[in-house]
Amino acid sequence: MLEVVLASLLFATLVTLLSSIWVVHARAQSKAAHLLVAADLADLEMERAIDAGFYGVTPSTGSYTQIWKVRGEEIPYRFNTEVKVTPLTKNADPSLAAKRVVVKVSYSDGIPNTPPRTFTVESVIVDAG
């Protein structure tokens with residue numbers, strides 16, 4: 001009789017532990033997926049700024065929506081991008097013209113009661129002429 005009680009207690013403990021680990025794992029996967037999308041968007045916007053060159057780069061904002069299927073239901077997630085361009089005035093060489101480009105992607109990872117998250121990429125573009 002004691003073996004049955006101990007076995008059922010052990011079984012209930014393991015089931016509770018494994019189900020809580022499953023929930024934590026699912027949240028971590030969701031966070032990682034959102035972070036990867038934000039990182040890809042930031043890289044895309046930074047490459048666009050670098051391709052535009054020193055004289056063509058301008059500040060901009062954008063909004064991207066990605067639709068994910070979760071348990072058969074389509075859920076839209078919005079990623080907002082902001083590109084800031086500022087001239088660097090404190091250079092070691094005054095004849096060197098440079099601009100600081102900061103790309104910031106803000107997004108919500110879908111977890112209730114959490115503030116929006118941000119992913120930031122920075123670079124410096126120098127006048128090659």
# chains A, B, ... in the order shown; residues from 1 in each chain; ligands from 1
>>> residues_around(residues="region 57-64 of chain A", least_positions_apart="4", cutoff="8 Å", atoms="only C-alpha atoms", output="list in words")
Ala49, Ile50, Ala52, Gly53, Arg78, Phe79, Asn80, Thr81, Glu82, Val83, Lys84 and Val85 of chain A
>>> select_by_dssp(residues="chain A", states="strand (DSSP E or B)", output="VMD selection string")
chain A and resid 60 to 70 73 to 87 98 to 107 117 to 126
>>> closest_residue(among="A:Ile75, A:Met46, A:Gly110, A:Ile67", to="Ile125 (chain A)", atoms="only C-alpha atoms")
A:Met46
>>> closest_residue(among="A:Leu9, A:Leu14, A:Val23, A:Ala42", to="Val103 (chain A)", atoms="only C-alpha atoms")
A:Ala42
>>> atom_distance(atom1="CA of Thr118 (chain A)", atom2="CA of Ala98 (chain A)")
25.3 Å
>>> residues_around(residues="Tyr77 (chain A)", least_positions_apart="3", cutoff="8 Å", atoms="only C-alpha atoms", output="ChimeraX atom specification")
/A:65-68,107-108,110
>>> closest_residue(among="A:Ala12, A:Ala97, A:Ile111, A:Val105", to="Gln29 (chain A)", atoms="only C-alpha atoms")
A:Ile111
>>> select_by_dssp(residues="region 3-118 of chain A", states="helix (DSSP H, G or I)", output="VMD selection string")
chain A and resid 3 to 56
>>> write_last_selection(atoms="C-alpha atoms", output="mmCIF file, in the first residue's frame")
data_model
loop_
_atom_site.group_PDB
_atom_site.id
_atom_site.type_symbol
_atom_site.label_atom_id
_atom_site.label_comp_id
_atom_site.auth_asym_id
_atom_site.auth_seq_id
_atom_site.Cartn_x
_atom_site.Cartn_y
_atom_site.Cartn_z
ATOM 1 C CA GLU A 3 4.431 1.704 -2.533
ATOM 2 C CA VAL A 4 1.251 2.779 -4.329
ATOM 3 C CA VAL A 5 1.051 6.040 -2.362
ATOM 4 C CA LEU A 6 4.727 6.832 -2.997
ATOM 5 C CA ALA A 7 4.444 5.937 -6.681
ATOM 6 C CA SER A 8 1.380 8.128 -7.164
ATOM 7 C CA LEU A 9 3.059 11.024 -5.309
ATOM 8 C CA LEU A 10 6.185 10.646 -7.437
ATOM 9 C CA PHE A 11 4.089 10.453 -10.625
ATOM 10 C CA ALA A 12 2.078 13.590 -9.729
ATOM 11 C CA THR A 13 5.277 15.486 -8.914
ATOM 12 C CA LEU A 14 6.950 14.502 -12.176
ATOM 13 C CA VAL A 15 3.891 15.328 -14.286
ATOM 14 C CA THR A 16 3.624 18.785 -12.681
ATOM 15 C CA LEU A 17 7.343 19.428 -13.125
ATOM 16 C CA LEU A 18 7.403 18.308 -16.758
ATOM 17 C CA SER A 19 4.325 20.334 -17.684
ATOM 18 C CA SER A 20 5.800 23.481 -16.142
ATOM 19 C CA ILE A 21 9.057 22.906 -18.022
ATOM 20 C CA TRP A 22 7.048 22.563 -21.247
ATOM 21 C CA VAL A 23 5.414 25.973 -20.697
ATOM 22 C CA VAL A 24 8.768 27.650 -19.982
ATOM 23 C CA HIS A 25 10.261 26.010 -23.068
ATOM 24 C CA ALA A 26 7.396 27.221 -25.289
ATOM 25 C CA ARG A 27 7.807 30.800 -24.015
ATOM 26 C CA ALA A 28 11.549 30.695 -24.603
ATOM 27 C CA GLN A 29 11.013 29.492 -28.164
ATOM 28 C CA SER A 30 8.538 32.304 -28.800
ATOM 29 C CA LYS A 31 10.923 34.926 -27.400
ATOM 30 C CA ALA A 32 13.804 33.579 -29.474
ATOM 31 C CA ALA A 33 11.703 33.602 -32.639
ATOM 32 C CA HIS A 34 10.663 37.232 -32.100
ATOM 33 C CA LEU A 35 14.264 38.220 -31.370
ATOM 34 C CA LEU A 36 15.469 36.562 -34.582
ATOM 35 C CA VAL A 37 12.870 38.431 -36.644
ATOM 36 C CA ALA A 38 13.832 41.727 -34.982
ATOM 37 C CA ALA A 39 17.534 41.053 -35.611
ATOM 38 C CA ASP A 40 16.881 40.261 -39.283
ATOM 39 C CA LEU A 41 14.820 43.435 -39.725
ATOM 40 C CA ALA A 42 17.515 45.535 -38.051
ATOM 41 C CA ASP A 43 20.168 44.021 -40.319
ATOM 42 C CA LEU A 44 17.982 44.659 -43.373
ATOM 43 C CA GLU A 45 17.482 48.322 -42.479
ATOM 44 C CA MET A 46 21.189 48.771 -41.694
ATOM 45 C CA GLU A 47 22.161 47.266 -45.039
ATOM 46 C CA ARG A 48 19.751 49.630 -46.779
ATOM 47 C CA ALA A 49 21.371 52.573 -44.982
ATOM 48 C CA ILE A 50 24.865 51.418 -45.906
ATOM 49 C CA ASP A 51 23.810 50.839 -49.527
ATOM 50 C CA ALA A 52 22.414 54.381 -49.676
ATOM 51 C CA GLY A 53 25.878 55.687 -48.844
ATOM 52 C CA PHE A 54 27.055 58.721 -46.933
ATOM 53 C CA TYR A 55 25.025 61.263 -48.894
ATOM 54 C CA GLY A 56 21.933 59.116 -49.442
#
